[in-house]
Each structure stands twice: as C-alpha cells, then as structure tokens.
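> Provided herewith: structure38.cif, mmCIF, C-alpha atoms.
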```
data_input
#
loop_
_atom_site.group_PDB
_atom_site.id
_atom_site.type_symbol
_atom_site.label_atom_id
_atom_site.label_comp_id
_atom_site.auth_asym_id
_atom_site.auth_seq_id
_atom_site.Cartn_x
_atom_site.Cartn_y
_atom_site.Cartn_z
ATOM 1 C CA GLY A 194 0.000 0.000 0.000
ATOM 2 C CA ALA A 195 0.815 3.729 -0.052
ATOM 3 C CA VAL A 196 2.155 3.877 -3.584
ATOM 4 C CA VAL A 197 2.784 7.190 -5.277
ATOM 5 C CA SER A 198 3.556 7.461 -8.971
ATOM 6 C CA GLN A 199 5.052 10.299 -10.977
ATOM 7 C CA HIS A 200 4.958 10.924 -14.689
ATOM 8 C CA PRO A 201 7.081 11.453 -16.641
ATOM 9 C CA SER A 202 10.163 9.989 -15.017
ATOM 10 C CA ARG A 203 12.415 11.989 -17.285
ATOM 11 C CA VAL A 204 11.813 14.939 -19.583
ATOM 12 C CA ILE A 205 13.997 17.045 -21.809
ATOM 13 C CA CYS A 206 12.609 20.295 -23.131
ATOM 14 C CA LYS A 207 13.690 23.464 -24.852
ATOM 15 C CA SER A 208 14.131 26.692 -22.973
ATOM 16 C CA GLY A 209 10.909 28.709 -22.900
ATOM 17 C CA THR A 210 8.528 25.775 -23.038
ATOM 18 C CA SER A 211 6.284 24.530 -20.229
ATOM 19 C CA VAL A 212 6.465 21.114 -18.643
ATOM 20 C CA LYS A 213 3.779 19.359 -16.611
ATOM 21 C CA ILE A 214 4.592 16.700 -14.035
ATOM 22 C CA GLU A 215 1.866 14.503 -12.592
ATOM 23 C CA CYS A 216 1.826 12.962 -9.146
ATOM 24 C CA ARG A 217 -0.727 10.296 -8.299
ATOM 25 C CA SER A 218 -1.531 8.390 -5.148
ATOM 26 C CA LEU A 219 -2.490 4.960 -6.444
ATOM 27 C CA ASP A 220 -4.041 3.225 -3.463
ATOM 28 C CA PHE A 221 -5.008 5.939 -1.016
ATOM 29 C CA GLN A 222 -6.605 9.355 -0.966
ATOM 30 C CA ALA A 223 -4.049 12.086 -0.519
ATOM 31 C CA THR A 224 -5.502 15.145 1.138
ATOM 32 C CA THR A 225 -2.104 16.789 1.068
ATOM 33 C CA MET A 226 0.651 16.561 -1.499
ATOM 34 C CA PHE A 227 4.096 18.074 -1.395
ATOM 35 C CA TRP A 228 6.521 19.057 -4.133
ATOM 36 C CA TYR A 229 10.244 18.963 -3.548
ATOM 37 C CA ARG A 230 13.295 19.798 -5.582
ATOM 38 C CA GLN A 231 16.567 17.990 -5.121
ATOM 39 C CA PHE A 232 19.949 19.020 -6.455
ATOM 40 C CA PRO A 233 22.699 16.404 -6.883
ATOM 41 C CA LYS A 234 24.030 15.053 -3.604
ATOM 42 C CA GLN A 235 21.828 17.384 -1.608
ATOM 43 C CA SER A 236 18.771 17.021 0.557
ATOM 44 C CA LEU A 237 15.192 17.640 -0.498
ATOM 45 C CA MET A 238 14.011 21.219 -0.635
ATOM 46 C CA LEU A 239 10.289 21.762 -0.109
ATOM 47 C CA MET A 240 8.787 23.911 -2.834
ATOM 48 C CA ALA A 241 5.114 23.887 -1.968
ATOM 49 C CA THR A 242 2.325 22.145 -0.123
ATOM 50 C CA SER A 243 -1.016 21.558 -1.785
ATOM 51 C CA ASN A 244 -4.289 20.526 -0.246
ATOM 52 C CA GLU A 245 -7.049 19.087 -2.380
ATOM 53 C CA GLY A 246 -9.355 21.766 -3.670
ATOM 54 C CA SER A 247 -7.410 24.739 -2.386
ATOM 55 C CA LYS A 248 -4.481 26.874 -3.482
ATOM 56 C CA ALA A 249 -0.986 25.655 -2.856
ATOM 57 C CA THR A 250 1.195 27.169 -0.174
ATOM 58 C CA TYR A 251 4.619 28.048 -1.540
ATOM 59 C CA GLU A 252 7.836 28.195 0.391
ATOM 60 C CA GLN A 253 9.755 31.411 0.550
ATOM 61 C CA GLY A 254 11.741 32.035 -2.594
ATOM 62 C CA VAL A 255 9.646 29.763 -4.819
ATOM 63 C CA GLU A 256 7.923 31.633 -7.636
ATOM 64 C CA LYS A 257 4.285 30.610 -7.666
ATOM 65 C CA ASP A 258 3.752 31.985 -11.163
ATOM 66 C CA LYS A 259 6.582 29.857 -12.467
ATOM 67 C CA PHE A 260 5.779 26.652 -10.629
ATOM 68 C CA LEU A 261 2.033 26.166 -10.983
ATOM 69 C CA ILE A 262 0.529 23.542 -8.722
ATOM 70 C CA ASN A 263 -2.920 22.075 -9.060
ATOM 71 C CA HIS A 264 -4.429 19.525 -6.674
ATOM 72 C CA ALA A 265 -7.775 18.936 -8.341
ATOM 73 C CA SER A 266 -8.584 15.553 -6.829
ATOM 74 C CA LEU A 267 -7.667 13.401 -3.872
ATOM 75 C CA THR A 268 -5.362 11.304 -6.023
ATOM 76 C CA LEU A 269 -3.765 13.771 -8.411
ATOM 77 C CA SER A 270 -1.542 16.812 -8.138
ATOM 78 C CA THR A 271 0.305 18.452 -11.004
ATOM 79 C CA LEU A 272 3.335 20.704 -11.112
ATOM 80 C CA THR A 273 3.772 22.829 -14.219
ATOM 81 C CA VAL A 274 7.090 24.509 -14.795
ATOM 82 C CA THR A 275 6.235 27.467 -16.996
ATOM 83 C CA SER A 276 8.704 29.042 -19.421
ATOM 84 C CA ALA A 277 11.406 26.656 -18.292
ATOM 85 C CA HIS A 278 15.018 27.777 -18.269
ATOM 86 C CA PRO A 279 18.230 25.758 -17.880
ATOM 87 C CA GLU A 280 18.456 26.728 -14.202
ATOM 88 C CA ASP A 281 15.158 24.887 -13.650
ATOM 89 C CA SER A 282 16.884 21.626 -14.535
ATOM 90 C CA SER A 283 16.661 19.452 -11.465
ATOM 91 C CA PHE A 284 15.103 16.392 -9.883
ATOM 92 C CA TYR A 285 11.528 17.004 -8.773
ATOM 93 C CA ILE A 286 9.902 14.707 -6.229
ATOM 94 C CA CYS A 287 6.327 14.657 -5.004
ATOM 95 C CA SER A 288 4.981 13.083 -1.856
ATOM 96 C CA ALA A 289 1.524 12.460 -0.478
ATOM 97 C CA ARG A 290 -0.168 11.784 2.804
ATOM 98 C CA THR A 291 -3.634 11.448 4.273
ATOM 99 C CA THR A 292 -5.050 13.523 7.105
ATOM 100 C CA ARG A 293 -4.764 10.546 9.418
ATOM 101 C CA GLN A 294 -1.105 9.950 8.834
ATOM 102 C CA GLU A 295 2.008 11.946 9.397
ATOM 103 C CA THR A 296 4.055 9.785 7.071
ATOM 104 C CA GLN A 297 4.789 11.105 3.614
ATOM 105 C CA TYR A 298 5.022 8.610 0.770
ATOM 106 C CA PHE A 299 7.203 9.652 -2.101
ATOM 107 C CA GLY A 300 6.952 9.305 -5.839
ATOM 108 C CA PRO A 301 9.928 8.062 -7.858
ATOM 109 C CA GLY A 302 10.838 11.553 -9.016
ATOM 110 C CA THR A 303 11.097 13.350 -12.340
ATOM 111 C CA ARG A 304 14.381 14.395 -13.855
ATOM 112 C CA LEU A 305 13.949 17.626 -15.810
ATOM 113 C CA LEU A 306 16.579 18.842 -18.234
ATOM 114 C CA VAL A 307 16.046 22.179 -19.920
ATOM 115 C CA LEU A 308 18.237 22.827 -22.925
ATOM 116 C CA ALA B 289 12.246 26.576 13.745
ATOM 117 C CA GLN B 290 12.945 22.894 13.566
ATOM 118 C CA THR B 291 16.388 21.731 12.449
ATOM 119 C CA VAL B 292 17.719 18.266 11.697
ATOM 120 C CA THR B 293 21.431 17.514 11.735
ATOM 121 C CA GLN B 294 23.196 14.526 10.263
ATOM 122 C CA SER B 295 26.857 14.908 11.090
ATOM 123 C CA GLN B 296 28.146 11.982 9.032
ATOM 124 C CA PRO B 297 28.184 12.852 5.308
ATOM 125 C CA GLU B 298 29.601 9.447 4.360
ATOM 126 C CA MET B 299 29.918 6.083 6.035
ATOM 127 C CA SER B 300 30.891 2.593 5.020
ATOM 128 C CA VAL B 301 30.352 -0.827 6.527
ATOM 129 C CA GLN B 302 31.385 -4.349 5.694
ATOM 130 C CA GLU B 303 28.668 -6.647 4.508
ATOM 131 C CA ALA B 304 26.977 -8.489 7.406
ATOM 132 C CA GLU B 305 28.297 -5.983 9.936
ATOM 133 C CA THR B 306 26.311 -3.416 11.932
ATOM 134 C CA VAL B 307 26.371 0.321 11.371
ATOM 135 C CA THR B 308 24.770 3.243 13.178
ATOM 136 C CA LEU B 309 23.799 6.500 11.506
ATOM 137 C CA SER B 310 23.431 9.568 13.692
ATOM 138 C CA CYS B 311 20.723 12.201 13.685
ATOM 139 C CA THR B 312 19.994 15.034 16.082
ATOM 140 C CA TYR B 313 17.221 17.566 15.931
ATOM 141 C CA ASP B 314 16.132 20.723 17.624
ATOM 142 C CA THR B 315 12.546 21.564 18.491
ATOM 143 C CA SER B 316 10.472 23.135 21.200
ATOM 144 C CA GLU B 317 7.508 20.900 20.480
ATOM 145 C CA SER B 318 6.640 17.953 22.680
ATOM 146 C CA ASN B 319 4.666 15.977 20.122
ATOM 147 C CA TYR B 320 6.255 15.147 16.790
ATOM 148 C CA TYR B 321 7.342 12.314 14.523
ATOM 149 C CA LEU B 322 10.719 11.155 13.329
ATOM 150 C CA PHE B 323 11.572 9.191 10.223
ATOM 151 C CA TRP B 324 14.428 7.590 8.400
ATOM 152 C CA TYR B 325 14.156 7.459 4.635
ATOM 153 C CA LYS B 326 16.460 5.634 2.256
ATOM 154 C CA GLN B 327 17.269 6.954 -1.213
ATOM 155 C CA PRO B 328 19.104 4.360 -3.329
ATOM 156 C CA PRO B 329 20.721 5.212 -6.668
ATOM 157 C CA SER B 330 17.299 4.998 -8.307
ATOM 158 C CA ARG B 331 16.485 8.118 -6.211
ATOM 159 C CA GLN B 332 13.174 6.679 -5.007
ATOM 160 C CA MET B 333 12.633 7.781 -1.403
ATOM 161 C CA ILE B 334 11.725 4.744 0.683
ATOM 162 C CA LEU B 335 10.422 4.868 4.231
ATOM 163 C CA VAL B 336 12.701 2.799 6.474
ATOM 164 C CA ILE B 337 11.307 3.414 9.934
ATOM 165 C CA ARG B 338 9.043 5.778 11.847
ATOM 166 C CA GLN B 339 8.922 6.855 15.508
ATOM 167 C CA GLU B 340 6.288 8.779 17.413
ATOM 168 C CA ALA B 341 7.814 11.083 20.017
ATOM 169 C CA TYR B 342 5.247 10.130 22.643
ATOM 170 C CA LYS B 343 6.271 6.491 22.473
ATOM 171 C CA GLN B 344 9.205 5.558 24.661
ATOM 172 C CA GLN B 345 9.757 2.223 22.979
ATOM 173 C CA ASN B 346 12.246 2.327 20.150
ATOM 174 C CA ALA B 347 10.828 1.417 16.750
ATOM 175 C CA THR B 348 12.117 -1.715 15.041
ATOM 176 C CA GLU B 349 11.642 -2.892 11.490
ATOM 177 C CA ASN B 350 13.432 -6.163 10.733
ATOM 178 C CA ARG B 351 17.158 -5.325 10.498
ATOM 179 C CA PHE B 352 16.534 -1.634 11.165
ATOM 180 C CA SER B 353 16.092 -0.182 14.619
ATOM 181 C CA VAL B 354 16.352 3.236 16.173
ATOM 182 C CA ASN B 355 17.759 4.601 19.390
ATOM 183 C CA PHE B 356 15.418 7.433 20.288
ATOM 184 C CA GLN B 357 16.659 9.657 23.087
ATOM 185 C CA LYS B 358 14.013 12.354 23.491
ATOM 186 C CA ALA B 359 15.797 14.362 26.167
ATOM 187 C CA ALA B 360 18.964 14.428 24.107
ATOM 188 C CA LYS B 361 16.972 15.014 20.896
ATOM 189 C CA SER B 362 18.794 12.174 19.233
ATOM 190 C CA PHE B 363 17.417 9.639 16.753
ATOM 191 C CA SER B 364 20.034 7.233 15.446
ATOM 192 C CA LEU B 365 19.443 4.391 13.001
ATOM 193 C CA LYS B 366 21.074 1.009 13.460
ATOM 194 C CA ILE B 367 21.336 -1.336 10.521
ATOM 195 C CA SER B 368 22.181 -4.907 11.463
ATOM 196 C CA ASP B 369 23.546 -7.579 9.141
ATOM 197 C CA SER B 370 24.218 -4.972 6.446
ATOM 198 C CA GLN B 371 23.437 -6.033 2.896
ATOM 199 C CA LEU B 372 24.678 -4.697 -0.423
ATOM 200 C CA GLY B 373 21.186 -3.408 -1.122
ATOM 201 C CA ASP B 374 21.456 -1.124 1.881
ATOM 202 C CA THR B 375 23.877 1.071 -0.061
ATOM 203 C CA ALA B 376 22.023 4.372 -0.358
ATOM 204 C CA MET B 377 21.659 7.894 0.940
ATOM 205 C CA TYR B 378 19.832 7.948 4.254
ATOM 206 C CA PHE B 379 17.822 10.976 5.335
ATOM 207 C CA CYS B 380 16.572 11.661 8.819
ATOM 208 C CA ALA B 381 13.351 13.670 8.898
ATOM 209 C CA PHE B 382 11.292 15.460 11.539
ATOM 210 C CA ALA B 383 7.583 16.144 11.230
ATOM 211 C CA ASP B 384 5.961 18.729 13.471
ATOM 212 C CA THR B 385 2.313 18.997 14.468
ATOM 213 C CA GLY B 386 1.694 20.960 11.286
ATOM 214 C CA ASN B 387 3.045 17.904 9.473
ATOM 215 C CA GLN B 388 5.723 19.778 7.634
ATOM 216 C CA PHE B 389 8.837 17.709 7.112
ATOM 217 C CA TYR B 390 12.334 18.892 7.916
ATOM 218 C CA PHE B 391 15.112 16.828 6.387
ATOM 219 C CA GLY B 392 18.709 16.380 7.388
ATOM 220 C CA THR B 393 21.471 16.711 4.839
ATOM 221 C CA GLY B 394 21.799 12.960 4.470
ATOM 222 C CA THR B 395 24.387 10.263 5.080
ATOM 223 C CA SER B 396 25.758 8.318 2.153
ATOM 224 C CA LEU B 397 26.178 4.697 3.229
ATOM 225 C CA THR B 398 28.254 2.219 1.256
ATOM 226 C CA VAL B 399 28.141 -1.478 2.071
ATOM 227 C CA ILE B 400 31.413 -3.126 1.119
ATOM 228 C CA PRO B 401 31.321 -6.737 -0.099
#
```
Using structure tokens, write down the structure that the file contains.

Amino acid sequence: GAVVSQHPSRVICKSGTSVKIECRSLDFQATTMFWYRQFPKQSLMLMATSNEGSKATYEQGVEKDKFLINHASLTLSTLTVTSAHPEDSSFYICSARTTRQETQYFGPGTRLLVL
Amino acid sequence: AQTVTQSQPEMSVQEAETVTLSCTYDTSESNYYLFWYKQPPSRQMILVIRQEAYKQQNATENRFSVNFQKAAKSFSLKISDSQLGDTAMYFCAFADTGNQFYFGTGTSLTVIP
C-alpha cells in the first residue's frame, strides 16, 4: 500500500517551453501533497504544499507563477514549470499523505533537463 | 524553527556488519514524529522506519532499529547484518504537528562486499 507514482520519469525540453509533471496516489486518498526539488548530492528542498481543492502554499523564494501547482482531486496533483530555463533543470519529487497519517510517501521523481 | 542535523556525510560498513547512523534535531515541540528514509541510486525515497515522540519504545523494522533519546533530541538508526542493497543515501526527517517535514542533509552509506 501507499504507492505514489510520478509521470514522466524523465523529460527534456527546450528553454521557454512549459512542462507538466503529474503525481498520483495509487491506493489511497491524498488530502495533502508536497513538491520537492533535489539538487545532486543534496537534501530535499520543499517547494510547496497543496491541499485538495485549495491553493498551494509556496515556500519562501519559490515563484508561484513559475511553478504552478494544481491539486484537483484526492489522487492527483500536477506541477507545471512554466517558461522553463536551464536553471530549472533538477530532480523534482512529489509526496503524499492522508489527514490521518504523518508519514509522507514519495513518488519516484522526475528528472527535468532544460536545454 | 525545527532543524535536523546529520553529522556523518559518508559512512561505510562491511557486509553483514552493523552500522549506526546519527541524527539530532532541535525543536520546542513535545509531540512530533521522526523518520528515516532511504534513497538508493534509483532516487526513489523509501520509508525505512518511523517513531512517534510520545512512544518511549524504540521502533524496530526487521534489520533496522532506532535509538530514540528524546531528552537528548537524538534519533540514530542502526542497521544490522548490512546487505549490499542497503547502499544508499539515508535521510533523517522530523515532522511537526503541522506535518511539515524537515530533512537532514543525508548520510551516504556504502556497504562493502
């Protein structure tokens, strides 16, 4: 149980284009989903927290107009990187949890490369 | 603010031996949760073990156990009978009552055949 999927696992795009990453909880309802960014050999950096049906809460320094988050259902959250630039290249990881649990379950991550 | 410190950037252990990874944290809260996650080369974050702060008994999960010292704010992970598949980055994490996670900087563990 507690499986979280992410799609795509890897994406390469041109500078200036937008990229959408999907995060799904496969066997549980995720009232809260989290989006992280991880640079090589570093820890996870929380970008935003999204609750189903409401606007995401962004961490300080994260541009909400650049990283659009939508949590339209209890099993799906999307992160859209708008007008991507090479500095947005990174590993993006989502996680999900229910209201009854403190544990976060993580997706397998998405490697984004912006050329 | 909550902080999590992992003071060992890299560690190694011989296969079948035991290794302990250190983690300390700082908080003013009395109720919280602590976790160890494993991130192998695939980069999938895998939950290893979980501890509720209000429970005095140390959590155990097969070959993985923790030494939770609440007064000292210490939460170390012991891996017994180390296996090659245990090679990974290990992250200690703290979750407060608002359920936000705070991660340590990680410890890279290598199991040597």
> Could you tell me how far atom CA of Asn244 of chain A sits from atom CA of Asn319 of chain B, in Å to one decimal place?
22.7 Å
> Any chance you could work out the residue set of the PyMOL selection byres ((chain A) within 6 of (chain B)) here, as a VMD selection string?
chain A and resid 236 299 301
> Evaluate the PyMOL selection byres ((chain A and resi 300) around 6) and record the selected residues as JSON, numbers by chain, following the chain and residue labels used in the document.
{"A": [197, 198, 199, 287, 288, 299, 301, 302]}
> Set up a box along x, y and z of the file covering all listed atoms of segment 293-296 of chain B, add 6 Å on every one of the six sides, and write the centre and edge lengths in Å to one decimal, as AutoDock Vina command-line options.

```
--center_x 24.8 --center_y 14.7 --center_z 10.4 --size_x 18.7 --size_y 17.5 --size_z 14.7
```
> Please, what distance in Å, to one decimal, runs between atom CA of Pro233 of chain A and atom CA of Ser282 of chain A?
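Calculated distance between atom CA of Pro233 of chain A and atom CA of Ser282 of chain A is 10.9 Å.
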> Using all atoms listed in the file and a cutoff of 8 Å, can you tell me which residues are near (8.4, 24.9, 1.1) in the file's coordinates, and write them out as number ranges by chain?
A: 229, 238-242, 250-253, 255
> Given all atoms listed in the file as the basis, pick out the residue of B:Asp369, B:Glu298, B:Glu349, B:Asp374 nearest to Val399 of chain B.
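Selected residue with least distance to Val399 of chain B: B:Asp374.
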> Interatomic distance between atom CA of His278 of chain A and atom CA of Ser208 of chain A?
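A separation of 4.9 Å between them.
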> Compile the contact shell of Pro279 of chain A as a PDB file with C-alpha atoms, in the coordinates of the input: residues with an atom at most 9 Å away, counting all atoms listed in the file, same-chain residues fewer than 6 positions apart removed.

```pdb
ATOM      1  CA  LYS A 207      13.690  23.464 -24.852  1.00  0.00           C
ATOM      2  CA  SER A 208      14.131  26.692 -22.973  1.00  0.00           C
ATOM      3  CA  LEU A 306      16.579  18.842 -18.234  1.00  0.00           C
ATOM      4  CA  VAL A 307      16.046  22.179 -19.920  1.00  0.00           C
ATOM      5  CA  LEU A 308      18.237  22.827 -22.925  1.00  0.00           C
TER       6      LEU A 308
END
```
> Written as a count of residues only, what is the full residue list that the PyMOL selection byres ((chain A and resi 209-222) around 6) yields on the file shown?
20
> Let me make sure I understand: among A:Leu305, A:Met226, A:Leu237, A:Leu261, which one has the smallest atom-to-atom distance to Glu280 of chain A if we use all atoms listed in the file?
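When distances to Glu280 of chain A are compared using all atoms listed in the file, the smallest one comes from A:Leu305.
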